[in-house]
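*Asks:* This one is data.cif, mmCIF, C-alpha atoms.
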data_entry
#
loop_
_atom_site.label_atom_id
_atom_site.label_comp_id
_atom_site.auth_asym_id
_atom_site.auth_seq_id
_atom_site.Cartn_x
_atom_site.Cartn_y
_atom_site.Cartn_z
CA MET A 1 -64.36 25.05 -28.03
CA ASN A 2 -62.77 21.74 -29.05
CA LYS A 3 -59.47 22.82 -27.46
CA ILE A 4 -61.26 23.42 -24.15
CA ARG A 5 -62.92 20.00 -24.28
CA PHE A 6 -59.60 18.36 -25.14
CA PHE A 7 -57.91 20.18 -22.23
CA LEU A 8 -60.65 19.16 -19.76
CA LEU A 9 -60.60 15.57 -20.95
CA GLY A 10 -56.80 15.47 -20.67
CA SER A 11 -56.92 16.95 -17.16
CA ALA A 12 -59.49 14.38 -16.04
CA LEU A 13 -57.40 11.58 -17.50
CA LEU A 14 -54.25 12.78 -15.72
CA ALA A 15 -56.13 13.02 -12.40
CA THR A 16 -57.37 9.45 -12.84
CA ILE A 17 -53.88 8.16 -13.60
CA ALA A 18 -52.41 10.02 -10.62
CA SER A 19 -54.97 8.61 -8.20
CA ALA A 20 -54.44 5.08 -9.56
CA GLN A 21 -50.71 5.40 -8.90
CA GLU A 22 -51.10 6.36 -5.23
CA SER A 23 -49.15 3.91 -3.17
CA PHE A 24 -50.69 1.36 -0.89
CA PRO A 25 -49.75 2.42 2.68
CA TYR A 26 -48.24 -1.03 3.32
CA ASP A 27 -46.00 -1.06 0.24
CA GLY A 28 -42.51 -2.25 1.02
CA LYS A 29 -40.74 -5.22 2.55
CA TRP A 30 -41.99 -7.11 5.59
CA ARG A 31 -40.62 -10.03 7.61
CA ALA A 32 -43.22 -12.55 8.76
CA SER A 33 -42.81 -14.93 11.67
CA PHE A 34 -45.15 -17.81 12.45
CA ARG A 35 -45.20 -21.47 13.46
CA GLY A 36 -44.55 -23.96 10.69
CA PRO A 37 -46.43 -27.24 10.12
CA GLY A 38 -44.29 -29.09 12.67
CA GLY A 39 -44.57 -26.34 15.28
CA GLU A 40 -41.15 -24.91 14.49
CA GLN A 41 -40.58 -21.16 14.17
CA ALA A 42 -40.82 -20.17 10.50
CA THR A 43 -39.97 -16.99 8.64
CA ALA A 44 -41.03 -15.48 5.34
CA GLU A 45 -40.45 -12.27 3.42
CA LEU A 46 -43.37 -10.30 2.01
CA ALA A 47 -42.82 -7.59 -0.59
CA LEU A 48 -45.89 -5.49 -1.41
CA LYS A 49 -46.49 -2.95 -4.13
CA GLY A 50 -50.04 -1.83 -4.76
CA THR A 51 -52.35 -4.81 -5.04
CA GLY A 52 -49.58 -7.31 -5.71
CA GLY A 53 -46.29 -8.58 -4.46
CA THR A 54 -44.32 -11.67 -3.54
CA TRP A 55 -44.01 -14.07 -0.59
CA ARG A 56 -40.88 -16.15 0.04
CA TYR A 57 -40.46 -18.78 2.74
CA VAL A 58 -37.00 -18.26 4.24
CA PRO A 59 -34.96 -21.36 5.04
CA ASN A 60 -34.35 -21.87 8.76
CA ARG A 61 -31.51 -23.95 10.04
CA GLY A 62 -32.49 -27.43 11.09
CA HIS A 63 -36.25 -27.77 10.69
CA MET A 64 -37.03 -26.81 7.11
CA ASN A 65 -34.36 -27.78 4.63
CA SER A 66 -33.57 -27.74 0.94
CA ARG A 67 -35.65 -30.89 0.32
CA TYR A 68 -38.80 -28.82 0.81
CA PRO A 69 -39.49 -27.59 -2.74
CA CYS A 70 -41.63 -24.61 -1.70
CA LEU A 71 -38.81 -23.09 0.32
CA ASP A 72 -36.82 -20.10 -0.92
CA ARG A 73 -39.11 -19.42 -3.90
CA GLU A 74 -41.01 -16.24 -4.64
CA PHE A 75 -44.76 -16.79 -4.84
CA PRO A 76 -47.22 -14.24 -6.20
CA VAL A 77 -49.34 -12.29 -3.72
CA VAL A 78 -52.65 -10.58 -4.51
CA VAL A 79 -54.15 -8.05 -2.09
CA ARG A 80 -57.88 -8.84 -1.96
CA SER A 81 -59.27 -6.11 0.30
CA THR A 82 -58.05 -3.19 2.37
CA SER A 83 -59.34 -0.84 5.03
CA ALA A 84 -57.68 1.55 7.47
CA SER A 85 -57.40 -1.17 10.11
CA GLU A 86 -56.77 -4.39 8.15
CA PHE A 87 -56.13 -5.96 4.79
CA LYS A 88 -56.37 -9.41 3.24
CA PHE A 89 -54.12 -11.05 0.72
CA ASP A 90 -53.68 -14.41 -0.98
CA ILE A 91 -50.42 -16.27 -1.52
CA ASP A 92 -50.88 -18.10 -4.83
CA ALA A 93 -48.06 -20.61 -4.36
CA SER A 94 -49.54 -23.32 -6.57
CA LYS A 95 -49.37 -20.99 -9.58
CA GLU A 96 -45.60 -20.89 -9.21
CA LEU A 97 -45.07 -24.53 -8.27
CA PRO A 98 -47.82 -27.17 -8.33
CA GLY A 99 -48.00 -28.92 -4.98
CA CYS A 100 -47.19 -25.81 -2.95
CA LYS A 101 -50.05 -24.68 -0.73
CA ASP A 102 -52.07 -21.54 -1.50
CA ARG A 103 -52.85 -19.51 1.61
CA SER A 104 -55.09 -16.61 2.51
CA VAL A 105 -53.97 -14.10 5.12
CA THR A 106 -55.83 -11.45 7.12
CA VAL A 107 -53.74 -8.90 8.99
CA LYS A 108 -54.64 -6.12 11.38
CA VAL A 109 -52.62 -2.94 11.56
CA LEU A 110 -50.93 -2.38 14.91
CA ASP A 111 -48.89 0.61 13.74
CA SER A 112 -46.94 1.67 10.63
CA LYS A 113 -44.23 -0.96 11.25
CA ASN A 114 -46.12 -3.87 12.82
CA LEU A 115 -48.97 -6.03 11.60
CA GLU A 116 -50.55 -9.06 13.22
CA GLY A 117 -52.92 -11.59 11.76
CA GLN A 118 -53.53 -15.16 10.75
CA PHE A 119 -53.55 -17.52 7.85
CA GLY A 120 -56.88 -18.97 6.74
CA ASP A 121 -56.17 -22.12 8.77
CA GLY A 122 -55.81 -20.09 11.99
CA VAL A 123 -52.01 -20.03 12.27
CA VAL A 124 -51.00 -16.69 13.81
CA LEU A 125 -48.35 -14.53 12.19
CA LYS A 126 -46.60 -11.26 12.93
CA LEU A 127 -45.15 -8.97 10.28
CA THR A 128 -42.51 -6.31 10.84
CA ARG A 129 -41.56 -3.69 8.27
CA GLU A 130 -37.94 -3.97 7.19
#
Once you've parsed the file, please lay out its structure as structure tokens.

*Replies:*
Amino acid sequence: MNKIRFFLLGSALLATIASAQESFPYDGKWRASFRGPGGEQATAELALKGTGGTWRYVPNRGHMNSRYPCLDREFPVVVRSTSASEFKFDIDASKELPGCKDRSVTVKVLDSKNLEGQFGDGVVLKLTRE
């Protein structure tokens, strides 16, 4: 009897672990494009895995340069909520470098390779799966 209980408990535990390891449908690398603070075109890379990931502002020639300390650094990302049609995540930049701006992002799913949304301050962004 104890062997049966142990087997059932082990099976339930394995099922729980397997469901917890299911991948987030938006896992992978994404390229974001949006307007920067001065109106210039800006680019970032988003890497997602499960409920976390990283965000990195990519240096553009001319407008944003190496004097901007938040450029070309990986910042932690936390996925806050998900549904079939949209998800929300936070870029916790200030945790990596004080003075860098934290941002919240809401994106809507256009298809498996394209997302569209906006930062909390209303700036529109488009993400394309790489």

*Asks:* Please expand the PyMOL selection byres ((chain A and resi 96) around 12) into the concrete residues it hits in this file, giving the result as a list in words.

*Replies:*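 Answer for the PyMOL selection byres ((chain A and resi 96) around 12): Thr54, Trp55, Arg56, Pro69, Cys70, Leu71, Arg73, Glu74, Phe75, Pro76, Val77, Ile91, Asp92, Ala93, Ser94, Lys95, Leu97, Pro98, Gly99, Cys100, Lys101 and Asp102 of chain A.
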
*Asks:* List as a short mmCIF file (atom, residue, chain, number, x, y, z; two decimals) with C-alpha atoms, keeping the file's coordinate frame the residues having at least one atom at most 7 Å from position (-48.8, -10.2, 13.0) as given in the file, counting all atoms listed in the file.

*Replies:*
data_model
loop_
_atom_site.label_atom_id
_atom_site.label_comp_id
_atom_site.auth_asym_id
_atom_site.auth_seq_id
_atom_site.Cartn_x
_atom_site.Cartn_y
_atom_site.Cartn_z
CA VAL A 107 -53.74 -8.90 8.99
CA ASN A 114 -46.12 -3.87 12.82
CA LEU A 115 -48.97 -6.03 11.60
CA GLU A 116 -50.55 -9.06 13.22
CA GLY A 117 -52.92 -11.59 11.76
CA VAL A 124 -51.00 -16.69 13.81
CA LEU A 125 -48.35 -14.53 12.19
CA LYS A 126 -46.60 -11.26 12.93
CA LEU A 127 -45.15 -8.97 10.28
#

*Asks:* Could you give me, as a tab-separated table (two decimals) with C-alpha atoms, in the coordinates of the input, the residues within 10 Å of Ser81 of chain A, counting all atoms listed in the file and dropping anything in the same chain fewer than 6 positions from it?

*Replies:*
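As a result, result22.tsv now contains:
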chain	number	residue	atom	x	y	z
A	51	THR	CA	-52.35	-4.81	-5.04
A	87	PHE	CA	-56.13	-5.96	4.79
A	88	LYS	CA	-56.37	-9.41	3.24
A	89	PHE	CA	-54.12	-11.05	0.72
A	106	THR	CA	-55.83	-11.45	7.12

*Asks:* I'd like to know which of A:Lys108, A:Glu45, A:Lys113, A:Gly120 is closest to Asp90 of chain A, using only C-alpha atoms.

*Replies:*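 The closest residue to Asp90 of chain A is A:Gly120.
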
*Asks:* Using Å and a single decimal, report how far atom CA of Thr82 of chain A sits from atom CA of Ser23 of chain A.

*Replies:*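 Atom CA of Thr82 of chain A lies at a distance of 12.7 Å from atom CA of Ser23 of chain A.
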
*Asks:* I'd like the interatomic distance between atom CA of Phe24 of chain A and atom CA of Gly50 of chain A, to a tenth of an Å.

*Replies:*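 Atom-to-atom, atom CA of Phe24 of chain A to atom CA of Gly50 of chain A, that is 5.1 Å.
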
*Asks:* Return as a ChimeraX atom specification the set of residues that the PyMOL selection byres ((chain A and resi 44) around 8) yields on the displayed structure.

*Replies:* /A:31-33,42-43,45-46,55-58

*Asks:* Of the residues A:Tyr26, A:Tyr68, A:Phe119, A:Phe34, which is the one nearest to Gly52 of chain A, using only C-alpha atoms?

*Replies:*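 Going through A:Tyr26, A:Tyr68, A:Phe119, A:Phe34 one by one, the smallest distance to Gly52 of chain A is for A:Tyr26.
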
*Asks:* Work out where the centre of an axis-aligned box around every listed atom of segment 112-116 of chain A lies and how long its edges are once 4 Å is added on each side; give both in Å to one decimal as AutoDock Vina command-line options.

*Replies:*
--center_x -47.4 --center_y -3.7 --center_z 11.9 --size_x 14.3 --size_y 18.7 --size_z 10.6

*Asks:* Hey, can you check how far atom CA of Asn60 of chain A sits from atom CA of Gln118 of chain A?

*Replies:*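 Atom CA of Gln118 of chain A lies at a distance of 20.4 Å from atom CA of Asn60 of chain A.
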
*Asks:* For Pro25 of chain A, find every residue with an atom within 10 Å (counting all atoms listed in the file), except residues of its own chain fewer than 5 positions away, and show them as a PDB file with C-alpha atoms, keeping the file's coordinate frame.

*Replies:*
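Result went into result-v4.pdb, see below:
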ATOM      1  CA  LEU A  48     -45.890  -5.490  -1.410  1.00  0.00           C
ATOM      2  CA  LYS A  49     -46.490  -2.950  -4.130  1.00  0.00           C
ATOM      3  CA  GLY A  50     -50.040  -1.830  -4.760  1.00  0.00           C
ATOM      4  CA  ALA A  84     -57.680   1.550   7.470  1.00  0.00           C
ATOM      5  CA  SER A 112     -46.940   1.670  10.630  1.00  0.00           C
TER       6      SER A 112
END
